>>> print(open('run03.cif').read())   # mmCIF, C-alpha atoms and all ligand atoms
data_coords
#
loop_
_atom_site.label_atom_id
_atom_site.label_comp_id
_atom_site.auth_asym_id
_atom_site.auth_seq_id
_atom_site.Cartn_x
_atom_site.Cartn_y
_atom_site.Cartn_z
CA MET A 8 -13.30 -29.53 119.96
CA THR A 9 -11.80 -27.42 117.21
CA LEU A 10 -8.68 -28.53 115.36
CA ALA A 11 -7.29 -24.99 115.61
CA SER A 12 -7.45 -25.10 119.41
CA CYS A 13 -5.62 -28.46 119.40
CA LYS A 14 -2.82 -26.88 117.38
CA VAL A 15 -2.57 -24.03 119.91
CA ARG A 16 -2.40 -26.58 122.75
CA ARG A 17 0.30 -28.61 121.00
CA ASP A 18 2.31 -25.43 120.45
CA GLU A 19 1.96 -24.55 124.13
CA LEU A 20 3.18 -28.00 125.06
CA PHE A 21 6.11 -27.78 122.62
CA ASN A 22 7.10 -24.52 124.35
CA LYS A 23 7.24 -26.30 127.70
CA MET A 24 9.21 -29.30 126.40
CA ALA A 25 12.99 -29.28 126.68
CA ASP A 26 15.02 -29.03 123.49
CA ASN A 27 15.74 -32.39 121.96
CA SER A 28 12.84 -34.26 123.52
CA VAL A 29 9.72 -36.10 122.43
CA ALA A 30 6.25 -36.51 123.94
CA LEU A 31 4.19 -39.64 123.40
CA LEU A 32 0.44 -40.03 123.92
CA LYS A 33 -1.70 -43.08 123.33
CA ALA A 34 -5.34 -43.24 122.25
CA ALA A 35 -7.80 -45.10 124.49
CA PRO A 36 -8.21 -48.83 123.95
CA ILE A 37 -11.51 -50.52 123.23
CA PHE A 38 -12.79 -52.35 126.31
CA HIS A 39 -14.32 -55.78 125.97
CA ARG A 40 -17.82 -56.05 127.49
CA ASN A 41 -18.82 -59.64 126.92
CA SER A 42 -18.68 -62.21 124.11
CA ASP A 43 -17.85 -60.19 120.99
CA THR A 44 -19.40 -56.98 122.32
CA GLU A 45 -17.43 -53.92 123.35
CA PHE A 46 -18.13 -50.91 125.58
CA PRO A 47 -18.77 -47.71 123.60
CA PHE A 48 -15.46 -46.08 122.67
CA ARG A 49 -14.43 -42.96 124.61
CA GLN A 50 -11.18 -41.30 123.60
CA ASP A 51 -8.51 -40.67 126.23
CA SER A 52 -9.00 -37.08 127.42
CA HIS A 53 -5.35 -36.02 127.16
CA PHE A 54 -5.05 -37.50 123.67
CA TYR A 55 -8.26 -35.83 122.52
CA TYR A 56 -7.28 -32.52 124.07
CA LEU A 57 -4.19 -32.36 121.91
CA THR A 58 -5.43 -34.01 118.70
CA ALA A 59 -9.28 -34.11 118.46
CA PHE A 60 -8.57 -37.51 116.90
CA ASN A 61 -11.31 -39.92 117.90
CA GLU A 62 -10.05 -43.39 116.98
CA THR A 63 -8.48 -46.15 119.00
CA GLU A 64 -5.11 -47.70 117.99
CA ALA A 65 -3.32 -44.39 117.60
CA ILE A 66 -0.16 -42.83 119.00
CA ALA A 67 0.66 -39.12 118.87
CA LEU A 68 4.34 -38.21 118.85
CA LEU A 69 5.42 -34.62 119.40
CA SER A 70 9.06 -34.27 118.46
CA LYS A 71 11.13 -31.21 119.35
CA LYS A 72 14.52 -31.66 117.78
CA ALA A 73 17.07 -29.25 116.28
CA GLY A 74 14.68 -26.34 116.69
CA LYS A 75 11.96 -28.13 114.71
CA ASN A 76 8.58 -29.14 116.14
CA THR A 77 6.93 -32.09 114.42
CA PHE A 78 3.54 -33.68 115.11
CA ILE A 79 3.49 -37.30 113.99
CA LEU A 80 0.43 -39.50 114.16
CA PHE A 81 0.39 -43.28 113.97
CA CYS A 82 -3.13 -44.47 113.23
CA GLN A 83 -5.10 -47.32 111.71
CA GLU A 84 -4.78 -47.84 107.98
CA LYS A 85 -7.74 -47.42 105.68
CA ASP A 86 -9.21 -50.85 104.94
CA PRO A 87 -12.45 -50.94 102.92
CA LEU A 88 -13.25 -54.49 104.05
CA ILE A 89 -13.01 -53.70 107.77
CA GLU A 90 -14.57 -50.27 107.36
CA ARG A 91 -17.60 -51.98 105.82
CA TRP A 92 -18.17 -53.63 109.23
CA THR A 93 -16.96 -51.13 111.79
CA GLY A 94 -17.14 -47.75 110.09
CA LYS A 95 -14.84 -45.27 108.43
CA ARG A 96 -11.26 -44.76 109.54
CA VAL A 97 -9.43 -41.49 109.10
CA GLY A 98 -6.28 -42.99 107.58
CA GLN A 99 -2.88 -41.40 107.12
CA LYS A 100 -3.74 -38.91 104.38
CA ASP A 101 -6.55 -37.22 106.34
CA ALA A 102 -4.52 -37.46 109.54
CA CYS A 103 -2.27 -34.92 107.81
CA ASP A 104 -4.82 -33.03 105.69
CA ILE A 105 -7.55 -32.70 108.34
CA TYR A 106 -5.94 -33.33 111.72
CA GLY A 107 -2.81 -31.31 111.02
CA ALA A 108 -0.22 -34.05 111.46
CA ASP A 109 3.10 -33.23 109.80
CA GLU A 110 3.62 -36.93 109.15
CA ALA A 111 1.33 -39.95 109.59
CA TYR A 112 2.08 -43.67 109.49
CA PRO A 113 0.09 -46.89 109.84
CA VAL A 114 0.05 -48.03 113.46
CA SER A 115 1.26 -51.42 112.23
CA GLU A 116 4.63 -49.72 111.56
CA LEU A 117 4.93 -48.37 115.10
CA ASP A 118 7.57 -50.81 116.36
CA ASN A 119 9.71 -50.41 113.25
CA LYS A 120 9.59 -46.66 113.08
CA MET A 121 9.44 -45.47 116.68
CA PRO A 122 13.06 -46.18 117.72
CA GLY A 123 14.17 -43.94 114.84
CA PHE A 124 12.03 -41.08 116.12
CA LEU A 125 13.30 -41.54 119.68
CA ALA A 126 16.98 -41.80 118.68
CA ASN A 127 19.19 -39.03 120.06
CA ALA A 128 16.37 -37.42 122.04
CA ASN A 129 17.37 -36.73 125.64
CA ALA A 130 13.95 -37.05 127.18
CA ILE A 131 10.62 -38.79 126.63
CA TYR A 132 7.50 -37.23 128.14
CA TYR A 133 4.50 -39.52 128.58
CA LEU A 134 1.70 -40.32 131.01
CA THR A 135 3.56 -42.76 133.21
CA GLY A 136 1.94 -45.72 134.86
CA ILE A 137 -1.52 -45.66 133.24
CA ASP A 138 -0.99 -48.43 130.75
CA THR A 139 1.65 -51.01 131.63
CA HIS A 140 1.70 -52.30 128.07
CA PHE A 141 2.55 -48.82 126.76
CA ASP A 142 5.17 -48.29 129.49
CA ASN A 143 6.82 -51.57 128.45
CA GLN A 144 6.54 -50.72 124.78
CA ILE A 145 8.40 -47.42 125.35
CA PHE A 146 11.13 -49.22 127.32
CA SER A 147 11.45 -51.83 124.58
CA TRP A 148 11.99 -49.09 121.93
CA VAL A 149 14.60 -47.45 124.16
CA GLU A 150 16.27 -50.80 124.80
CA ARG A 151 16.61 -51.35 121.06
CA LEU A 152 18.33 -47.97 120.78
CA ARG A 153 20.66 -48.77 123.68
CA LYS A 154 21.88 -51.76 121.71
CA LYS A 155 22.90 -49.41 118.90
CA VAL A 156 25.16 -47.09 120.90
CA ARG A 157 28.22 -48.44 119.09
CA GLN A 158 26.63 -47.30 115.83
CA GLY A 159 26.63 -43.79 117.25
CA LEU A 160 22.96 -43.62 118.29
CA ASN A 161 21.93 -42.33 121.71
CA ALA A 162 18.92 -43.57 123.63
CA PRO A 163 16.79 -41.15 125.69
CA HIS A 164 17.77 -41.28 129.35
CA GLN A 165 15.08 -39.14 130.95
CA PHE A 166 11.51 -40.34 131.36
CA ILE A 167 9.30 -37.49 132.49
CA ASP A 168 5.66 -37.53 133.51
CA LEU A 169 3.72 -35.44 131.00
CA ARG A 170 0.89 -34.74 133.46
CA GLN A 171 2.59 -31.77 135.11
CA PHE A 172 2.46 -29.94 131.77
CA ILE A 173 -0.87 -30.92 130.22
CA ASP A 174 -2.83 -31.02 133.48
CA GLU A 175 -2.09 -27.39 134.19
CA GLN A 176 -3.01 -26.51 130.59
CA ARG A 177 -6.31 -28.38 130.96
CA LEU A 178 -7.10 -26.78 134.32
CA ILE A 179 -7.64 -23.32 132.82
CA LYS A 180 -10.49 -23.46 130.35
CA SER A 181 -10.54 -21.35 127.18
CA SER A 182 -13.67 -19.52 126.04
CA ASP A 183 -14.37 -22.35 123.55
CA GLU A 184 -14.12 -24.94 126.28
CA LEU A 185 -16.44 -22.88 128.49
CA LYS A 186 -19.01 -22.82 125.68
CA TYR A 187 -18.99 -26.63 125.56
CA MET A 188 -19.19 -26.81 129.34
CA GLN A 189 -22.12 -24.39 129.40
CA LYS A 190 -23.89 -26.54 126.81
CA ALA A 191 -23.22 -29.73 128.82
CA ALA A 192 -24.56 -27.94 131.91
CA SER A 193 -27.68 -26.67 130.13
CA ILE A 194 -28.48 -30.10 128.68
CA SER A 195 -28.05 -31.63 132.12
CA ALA A 196 -30.17 -28.98 133.83
CA LYS A 197 -33.04 -29.67 131.42
CA ALA A 198 -32.71 -33.41 131.99
CA HIS A 199 -32.83 -32.99 135.78
CA SER A 200 -35.86 -30.77 135.44
CA LYS A 201 -37.60 -33.40 133.28
CA ALA A 202 -36.73 -36.17 135.75
CA MET A 203 -38.20 -34.16 138.65
CA SER A 204 -41.31 -33.43 136.60
CA GLN A 205 -41.81 -37.06 135.69
CA CYS A 206 -41.09 -38.66 139.06
CA LYS A 207 -43.94 -40.77 140.39
CA ILE A 208 -44.25 -43.00 143.43
CA GLY A 209 -43.83 -46.65 142.39
CA MET A 210 -41.35 -45.98 139.61
CA TYR A 211 -38.02 -47.75 139.60
CA GLU A 212 -34.97 -45.53 140.00
CA TYR A 213 -33.80 -46.70 136.57
CA GLN A 214 -36.99 -45.36 135.01
CA LEU A 215 -35.91 -41.88 136.10
CA GLU A 216 -32.46 -42.69 134.75
CA ALA A 217 -34.20 -43.40 131.42
CA VAL A 218 -35.69 -39.89 131.47
CA LEU A 219 -32.22 -38.40 132.05
CA LEU A 220 -30.60 -40.43 129.29
CA TYR A 221 -33.39 -39.66 126.85
CA GLU A 222 -33.01 -35.94 127.48
CA PHE A 223 -29.23 -36.06 127.18
CA TYR A 224 -29.43 -37.76 123.80
CA ALA A 225 -32.42 -35.75 122.60
CA GLN A 226 -30.51 -32.54 123.23
CA GLY A 227 -27.29 -33.54 121.48
CA SER A 228 -25.19 -35.23 124.13
CA ARG A 229 -23.91 -38.63 123.01
CA SER A 230 -23.15 -39.94 126.48
CA PRO A 231 -23.54 -39.27 130.16
CA ALA A 232 -20.26 -37.96 131.60
CA TYR A 233 -20.39 -40.70 134.29
CA PRO A 234 -22.93 -43.32 135.38
CA CYS A 235 -26.15 -41.66 136.57
CA ILE A 236 -26.89 -41.91 140.29
CA VAL A 237 -30.61 -42.14 141.00
CA ALA A 238 -30.92 -42.91 144.69
CA THR A 239 -34.19 -43.03 146.55
CA GLY A 240 -34.50 -42.89 150.36
CA ASN A 241 -31.57 -44.40 152.24
CA ASN A 242 -29.76 -45.20 148.96
CA ALA A 243 -28.84 -41.51 148.81
CA CYS A 244 -26.48 -42.15 151.74
CA THR A 245 -24.30 -44.30 149.43
CA LEU A 246 -22.24 -41.65 147.68
CA HIS A 247 -21.63 -43.42 144.38
CA TYR A 248 -24.79 -45.56 144.31
CA THR A 249 -25.40 -46.65 140.71
CA GLN A 250 -27.52 -49.80 141.01
CA ASN A 251 -30.61 -47.62 140.37
CA ASN A 252 -32.91 -50.62 140.76
CA ALA A 253 -35.05 -49.75 143.80
CA VAL A 254 -38.67 -48.66 143.79
CA ILE A 255 -39.34 -45.00 144.68
CA LYS A 256 -41.61 -44.96 147.71
CA GLU A 257 -44.00 -42.46 149.29
CA GLY A 258 -42.11 -40.21 151.69
CA ASP A 259 -38.70 -40.78 150.05
CA LEU A 260 -36.30 -38.11 148.98
CA VAL A 261 -34.77 -38.83 145.58
CA LEU A 262 -31.16 -37.82 144.95
CA ILE A 263 -30.10 -37.57 141.30
CA ASP A 264 -26.45 -36.99 140.45
CA ALA A 265 -26.18 -36.94 136.65
CA GLY A 266 -24.39 -34.95 133.99
CA ALA A 267 -24.16 -35.01 130.22
CA GLU A 268 -20.96 -35.00 128.20
CA PHE A 269 -20.87 -32.54 125.32
CA GLU A 270 -18.00 -32.40 122.81
CA GLY A 271 -15.86 -34.24 125.36
CA TYR A 272 -16.74 -31.96 128.31
CA ALA A 273 -18.64 -32.97 131.43
CA ALA A 274 -21.39 -31.47 133.52
CA ASP A 275 -21.94 -32.77 137.04
CA ILE A 276 -25.19 -31.85 138.79
CA THR A 277 -26.93 -33.16 141.88
CA ARG A 278 -30.41 -32.30 143.00
CA THR A 279 -32.46 -33.88 145.77
CA PHE A 280 -36.25 -33.67 145.78
CA PRO A 281 -39.24 -35.27 147.51
CA ALA A 282 -40.72 -38.15 145.51
CA ASN A 283 -44.26 -36.95 146.22
CA GLY A 284 -43.46 -33.30 145.48
CA LYS A 285 -43.62 -32.01 149.07
CA PHE A 286 -40.73 -31.94 151.56
CA THR A 287 -41.48 -33.14 155.12
CA ALA A 288 -40.34 -30.79 157.90
CA SER A 289 -37.26 -32.95 158.67
CA GLN A 290 -36.32 -33.27 154.99
CA GLN A 291 -36.71 -29.53 154.46
CA ALA A 292 -34.60 -28.70 157.53
CA ILE A 293 -31.72 -30.82 156.26
CA TYR A 294 -32.19 -29.59 152.69
CA GLU A 295 -32.10 -25.93 153.74
CA LEU A 296 -29.00 -26.54 155.79
CA VAL A 297 -27.19 -28.12 152.82
CA LEU A 298 -28.35 -25.24 150.63
CA ALA A 299 -27.01 -22.70 153.14
CA THR A 300 -23.64 -24.47 153.18
CA GLN A 301 -23.51 -24.38 149.39
CA GLU A 302 -24.41 -20.69 149.28
CA ALA A 303 -21.63 -19.97 151.80
CA ALA A 304 -19.15 -21.89 149.65
CA ILE A 305 -20.22 -20.11 146.44
CA LEU A 306 -19.45 -16.77 148.14
CA GLN A 307 -15.83 -17.94 148.44
CA ALA A 308 -15.60 -18.79 144.72
CA LYS A 309 -13.63 -15.85 143.35
CA PRO A 310 -10.11 -15.20 142.14
CA GLY A 311 -7.49 -15.21 144.86
CA MET A 312 -9.41 -17.41 147.32
CA THR A 313 -7.76 -20.70 148.20
CA TRP A 314 -9.29 -24.05 147.27
CA ASP A 315 -9.93 -25.03 150.90
CA SER A 316 -11.87 -21.82 151.67
CA MET A 317 -14.98 -23.44 150.19
CA GLN A 318 -14.78 -26.55 152.37
CA ASN A 319 -14.07 -24.37 155.41
CA ALA A 320 -17.16 -22.28 154.69
CA ILE A 321 -19.26 -25.42 154.28
CA LEU A 322 -18.03 -26.90 157.56
CA LYS A 323 -18.70 -23.74 159.54
CA VAL A 324 -22.31 -23.45 158.37
CA MET A 325 -22.95 -27.19 158.46
CA VAL A 326 -21.67 -27.86 161.95
CA GLN A 327 -23.52 -24.83 163.34
CA GLY A 328 -26.67 -26.11 161.62
CA LEU A 329 -26.23 -29.64 162.90
CA VAL A 330 -25.84 -28.27 166.43
CA ASP A 331 -28.97 -26.11 165.97
CA LEU A 332 -30.89 -29.19 164.84
CA LYS A 333 -29.49 -31.13 167.86
CA ILE A 334 -27.90 -33.69 165.59
CA LEU A 335 -24.48 -32.75 167.04
CA GLN A 336 -23.83 -31.49 170.55
CA GLY A 337 -20.93 -29.27 171.59
CA GLN A 338 -18.91 -26.21 170.59
CA VAL A 339 -18.90 -25.59 166.83
CA GLN A 340 -15.15 -24.94 166.56
CA THR A 341 -14.29 -28.00 168.68
CA LEU A 342 -16.66 -30.19 166.68
CA ILE A 343 -15.00 -28.98 163.45
CA GLU A 344 -11.51 -29.67 164.84
CA GLU A 345 -12.61 -33.13 166.01
CA LYS A 346 -14.25 -33.79 162.61
CA ALA A 347 -17.49 -34.70 164.38
CA TYR A 348 -19.32 -34.06 161.09
CA LEU A 349 -17.70 -37.04 159.36
CA PRO A 350 -20.59 -39.50 159.94
CA PHE A 351 -22.81 -37.03 158.03
CA TYR A 352 -20.46 -35.34 155.56
CA MET A 353 -17.45 -37.35 154.46
CA HIS A 354 -16.26 -35.70 151.25
CA ASN A 355 -14.73 -32.47 150.05
CA SER A 356 -16.46 -29.37 148.70
CA GLY A 357 -16.01 -30.57 145.11
CA HIS A 358 -13.47 -31.18 142.38
CA TRP A 359 -12.12 -29.73 139.15
CA LEU A 360 -14.45 -30.33 136.21
CA GLY A 361 -13.60 -30.52 132.52
CA MET A 362 -13.06 -33.31 130.02
CA ASP A 363 -13.06 -35.69 132.98
CA VAL A 364 -15.74 -35.38 135.62
CA HIS A 365 -13.03 -35.50 138.27
CA ASP A 366 -10.77 -33.40 136.12
CA VAL A 367 -7.01 -33.05 136.19
CA GLY A 368 -5.02 -30.38 138.03
CA GLU A 369 -3.31 -30.12 141.39
CA TYR A 370 -5.23 -28.87 144.42
CA LYS A 371 -2.11 -28.00 146.39
CA ILE A 372 1.11 -26.45 145.10
CA ALA A 373 4.18 -27.19 147.23
CA GLY A 374 1.93 -28.26 150.07
CA ILE A 375 -0.25 -25.13 150.01
CA TRP A 376 -3.86 -25.03 148.78
CA ARG A 377 -3.81 -23.31 145.41
CA LYS A 378 -5.56 -20.04 144.68
CA LEU A 379 -8.57 -19.88 142.40
CA SER A 380 -8.12 -18.02 139.13
CA SER A 381 -10.15 -17.11 136.09
CA GLY A 382 -11.01 -20.08 133.84
CA MET A 383 -10.96 -22.75 136.55
CA VAL A 384 -14.12 -24.85 136.62
CA PHE A 385 -15.19 -27.00 139.56
CA THR A 386 -18.17 -28.33 141.42
CA ILE A 387 -19.50 -27.22 144.78
CA GLU A 388 -21.40 -30.18 146.18
CA PRO A 389 -22.00 -30.30 149.92
CA GLY A 390 -24.23 -33.01 151.30
CA ILE A 391 -25.62 -34.41 154.52
CA TYR A 392 -26.16 -38.15 154.64
CA ILE A 393 -27.92 -39.62 157.68
CA SER A 394 -27.99 -43.33 157.26
CA ARG A 395 -31.02 -45.33 158.37
CA GLU A 396 -28.62 -47.34 160.52
CA ASN A 397 -27.46 -44.26 162.44
CA THR A 398 -29.06 -44.78 165.83
CA THR A 399 -27.17 -41.87 167.43
CA VAL A 400 -29.67 -39.38 165.98
CA ASP A 401 -33.40 -38.90 166.44
CA GLU A 402 -35.40 -41.26 164.25
CA LYS A 403 -36.93 -38.40 162.27
CA TRP A 404 -33.58 -37.70 160.62
CA ARG A 405 -32.72 -41.27 159.62
CA GLY A 406 -32.70 -42.23 155.96
CA ILE A 407 -32.32 -38.62 154.79
CA GLY A 408 -29.56 -38.06 152.23
CA VAL A 409 -29.25 -34.67 150.53
CA ARG A 410 -26.59 -33.40 148.16
CA ILE A 411 -26.75 -30.21 146.08
CA GLU A 412 -24.15 -29.87 143.34
CA ASP A 413 -23.52 -27.06 140.87
CA ASP A 414 -20.80 -26.32 138.33
CA ILE A 415 -18.88 -23.10 138.87
CA VAL A 416 -16.47 -21.18 136.64
CA ILE A 417 -14.16 -18.55 138.11
CA THR A 418 -14.32 -15.26 136.20
CA ASP A 419 -12.15 -12.15 136.49
CA SER A 420 -14.46 -10.66 139.09
CA GLY A 421 -16.10 -13.64 140.81
CA CYS A 422 -17.83 -16.68 139.42
CA ASP A 423 -20.59 -17.87 137.11
CA ILE A 424 -22.79 -20.83 137.92
CA LEU A 425 -23.03 -22.91 134.73
CA THR A 426 -25.93 -24.90 136.17
CA LYS A 427 -28.02 -21.95 137.39
CA GLU A 428 -30.92 -22.76 135.01
CA LEU A 429 -31.97 -25.63 137.27
CA VAL A 430 -34.36 -25.11 140.20
CA LYS A 431 -32.76 -25.41 143.61
CA THR A 432 -34.70 -23.93 146.54
CA PRO A 433 -37.38 -26.12 148.18
CA GLN A 434 -40.00 -23.64 146.99
CA GLU A 435 -38.82 -23.81 143.35
CA ILE A 436 -38.65 -27.60 143.47
CA GLU A 437 -42.11 -27.95 144.98
CA LYS A 438 -43.54 -25.51 142.43
CA LEU A 439 -42.08 -27.49 139.55
CA MET A 440 -43.39 -30.72 141.01
CA GLN A 441 -46.87 -29.34 141.75
CA LYS A 442 -47.15 -28.47 138.08
CA ARG A 443 -46.40 -32.14 137.45
CA ALA A 444 -49.24 -33.22 139.77
CA SER A 445 -51.77 -31.03 137.97
CA ASP A 446 -50.53 -32.24 134.55
CA VAL A 447 -51.04 -35.92 135.44
N1 LIG A 501 -20.76 -37.40 140.07
C1 LIG A 501 -19.61 -37.66 140.84
C2 LIG A 501 -19.29 -36.57 141.72
O1 LIG A 501 -20.15 -35.76 142.02
O2 LIG A 501 -18.18 -36.39 142.14
MN MN A 502 -19.07 -33.97 141.53
MN MN A 503 -21.91 -35.44 140.91
#
>>> encode(input="run03.cif", output="structure tokens")
Amino acid sequence: MTLASCKVRRDELFNKMADNSVALLKAAPIFHRNSDTEFPFRQDSHFYYLTAFNETEAIALLSKKAGKNTFILFCQEKDPLIERWTGKRVGQKDACDIYGADEAYPVSELDNKMPGFLANANAIYYLTGIDTHFDNQIFSWVERLRKKVRQGLNAPHQFIDLRQFIDEQRLIKSSDELKYMQKAASISAKAHSKAMSQCKIGMYEYQLEAVLLYEFYAQGSRSPAYPCIVATGNNACTLHYTQNNAVIKEGDLVLIDAGAEFEGYAADITRTFPANGKFTASQQAIYELVLATQEAAILQAKPGMTWDSMQNAILKVMVQGLVDLKILQGQVQTLIEEKAYLPFYMHNSGHWLGMDVHDVGEYKIAGIWRKLSSGMVFTIEPGIYISRENTTVDEKWRGIGVRIEDDIVITDSGCDILTKELVKTPQEIEKLMQKRASDV
């Protein structure tokens, strides 16, 4: 994240704000894990997007008053004693000198100073309803101002959700953001490739997770973008399975859904491969069907197409394929209309991808699926999940769960696949895994 790009983003936001208004954003809290241990700190994405400031206990205030735009940062004070234990703090001087704040104050002065900054503004923009404490804090500052009306001060009377402005900004990625996303994707692709190459029957799922995490860190990512899913056999039919504590058995397919975070940006990749390196006929039939649905969806990924065109393409190919495999019976169009595929495919084609793995941005505008345009990044991730408990299908299909997920960026003329470095066809996967067998 460059500080210059944060300044550009703040200026864009200032342009969208009404005259005589302020915007407030809060840094992420630290979450307690157990005893006196905390979860690793991850900055709030909106806050980081606008400030690149990576500490907790901070409030950013963008003030647009009397034709003047001011960026004010409240942050923790320097304290050599505490910093000795928990690391360096930026402090107020560097908040201005490095992070570009026009003014910076200790966060301990927030309650004293904030009503003054809010006085006589008409509107406050903030991310409503995320943090009840912050909501209440804002109302308490406004309430203090209301009590001063007889002194000639006005309290803001409009409370506007900031999401509608920042989310649309975040939806279209700049060339810098795309570089980070490409790096996150490349790191993740290498990690998936290593996990496939190191998979052995008898391993625990979490031992493959260890391979992924090692590769993420070794290549410069400081965190996975979300908890890794390593699901063997029937576990792959649980969409967000993260226990990762089962033993990988002969004949299983292994589904890995894992992505690295790089400079605050996520990758999100799924691959499914045979634990022993060779697909069975039933596994390959389902795999090739999922792959065909994904290829059909990728053909729709170009400027001007609507978001739902990808899911529609997936459904058409998938339902036809399920009929061909005699997993579904009936007319394809009727089966689609009746949603007969739901026991096997119960999610959408994908989601926006960015600083958050399920990134911000509307999918419909005024009730109509939005059109794709250059700079949008999203996943395409069809899957077929045939639970072991599903007795309506032939036994040979049961316990097969396959998802294939890639990260796509819309360009001026079509799309790029950020995750294209990673093997995907059954032949490529088997080749990679055969190499593993001969190496062992
Ligand atoms: N990794 C979560 C998802 O694919 O949506
Ligand atoms: Mn995804
Ligand atoms: Mn995923």
>>> residues_near_point(input="run03.cif", point="(-20.6, -33.0, 161.0)", cutoff="10 Å", atoms="only C-alpha atoms", output="short mmCIF file (atom, residue, chain, number, x, y, z; two decimals) with C-alpha atoms, keeping the file's coordinate frame")
data_model
loop_
_atom_site.label_atom_id
_atom_site.label_comp_id
_atom_site.auth_asym_id
_atom_site.auth_seq_id
_atom_site.Cartn_x
_atom_site.Cartn_y
_atom_site.Cartn_z
CA LEU A 322 -18.03 -26.90 157.56
CA LYS A 323 -18.70 -23.74 159.54
CA MET A 325 -22.95 -27.19 158.46
CA VAL A 326 -21.67 -27.86 161.95
CA GLN A 327 -23.52 -24.83 163.34
CA GLY A 328 -26.67 -26.11 161.62
CA LEU A 329 -26.23 -29.64 162.90
CA VAL A 330 -25.84 -28.27 166.43
CA ILE A 334 -27.90 -33.69 165.59
CA LEU A 335 -24.48 -32.75 167.04
CA VAL A 339 -18.90 -25.59 166.83
CA LEU A 342 -16.66 -30.19 166.68
CA ILE A 343 -15.00 -28.98 163.45
CA GLU A 345 -12.61 -33.13 166.01
CA LYS A 346 -14.25 -33.79 162.61
CA ALA A 347 -17.49 -34.70 164.38
CA TYR A 348 -19.32 -34.06 161.09
CA LEU A 349 -17.70 -37.04 159.36
CA PRO A 350 -20.59 -39.50 159.94
CA PHE A 351 -22.81 -37.03 158.03
CA TYR A 352 -20.46 -35.34 155.56
CA MET A 353 -17.45 -37.35 154.46
CA ILE A 391 -25.62 -34.41 154.52
CA TYR A 392 -26.16 -38.15 154.64
#
>>> residues_near_point(input="run03.cif", point="(-16.2, -24.2, 121.0)", cutoff="9 Å", atoms="only C-alpha atoms", output="number ranges by chain")
A: 8-9, 12, 181-187, 270
>>> residues_near_ligand(input="run03.cif", ligand="ligand LIG 501 (chain A)", cutoff="12 Å", atoms="only C-alpha atoms and all ligand atoms", output="number ranges by chain")
A: 231-237, 245-249, 262-267, 273-278, 354-360, 363-366, 385-390, 410-414
>>> atom_distance(input="run03.cif", atom1="atom CA of A:Gly337", atom2="atom CA of A:Cys244")
24.3 Å
>>> closest_residue(input="run03.cif", among="A:Asp315, A:Lys403, A:Ile415, A:Gly284", to="ligand MN 502 (chain A)", atoms="all atoms listed in the file")
A:Ile415
>>> atom_distance(input="run03.cif", atom1="atom CA of A:Leu425", atom2="atom CA of A:Glu216")
21.9 Å
>>> atom_distance(input="run03.cif", atom1="atom CA of A:Val97", atom2="atom CA of A:Phe60")
8.8 Å
>>> residues_around(input="run03.cif", residues="A:Lys72", least_positions_apart="3", cutoff="8 Å", atoms="all atoms listed in the file", output="number ranges by chain")
A: 26-28, 75-76, 128
>>> residues_around(input="run03.cif", residues="A:Gly382", least_positions_apart="5", cutoff="6 Å", atoms="only C-alpha atoms", output="short mmCIF file (atom, residue, chain, number, x, y, z; two decimals) with C-alpha atoms, in the frame of the given file")
data_model
loop_
_atom_site.label_atom_id
_atom_site.label_comp_id
_atom_site.auth_asym_id
_atom_site.auth_seq_id
_atom_site.Cartn_x
_atom_site.Cartn_y
_atom_site.Cartn_z
CA ILE A 179 -7.64 -23.32 132.82
CA LYS A 180 -10.49 -23.46 130.35
CA ILE A 417 -14.16 -18.55 138.11
#
>>> closest_residue(input="run03.cif", among="A:Ser52, A:Leu80, A:Leu178, A:Val29", to="A:Ile145", atoms="all atoms listed in the file")
A:Val29
>>> residues_around(input="run03.cif", residues="stretch 146-153 of chain A", least_positions_apart="4", cutoff="8 Å", atoms="all atoms listed in the file", output="ChimeraX atom specification")
/A:118,121-122,125-126,142,160-163
>>> closest_residue(input="run03.cif", among="A:Lys201, A:Arg16, A:Arg405, A:Lys427", to="A:Leu439", atoms="only C-alpha atoms")
A:Lys201
>>> closest_residue(input="run03.cif", among="A:Ala30, A:Gln144, A:Lys190, A:Asp86", to="A:Leu68", atoms="all atoms listed in the file")
A:Ala30
>>> closest_residue(input="run03.cif", among="A:Ile79, A:Gln165, A:Thr279, A:Asp423", to="ligand MN 503 (chain A)", atoms="all atoms listed in the file")
A:Thr279
>>> closest_residue(input="run03.cif", among="A:Ser195, A:Ser230, A:Ser394, A:Thr135", to="ligand MN 503 (chain A)", atoms="all atoms listed in the file")
A:Ser195
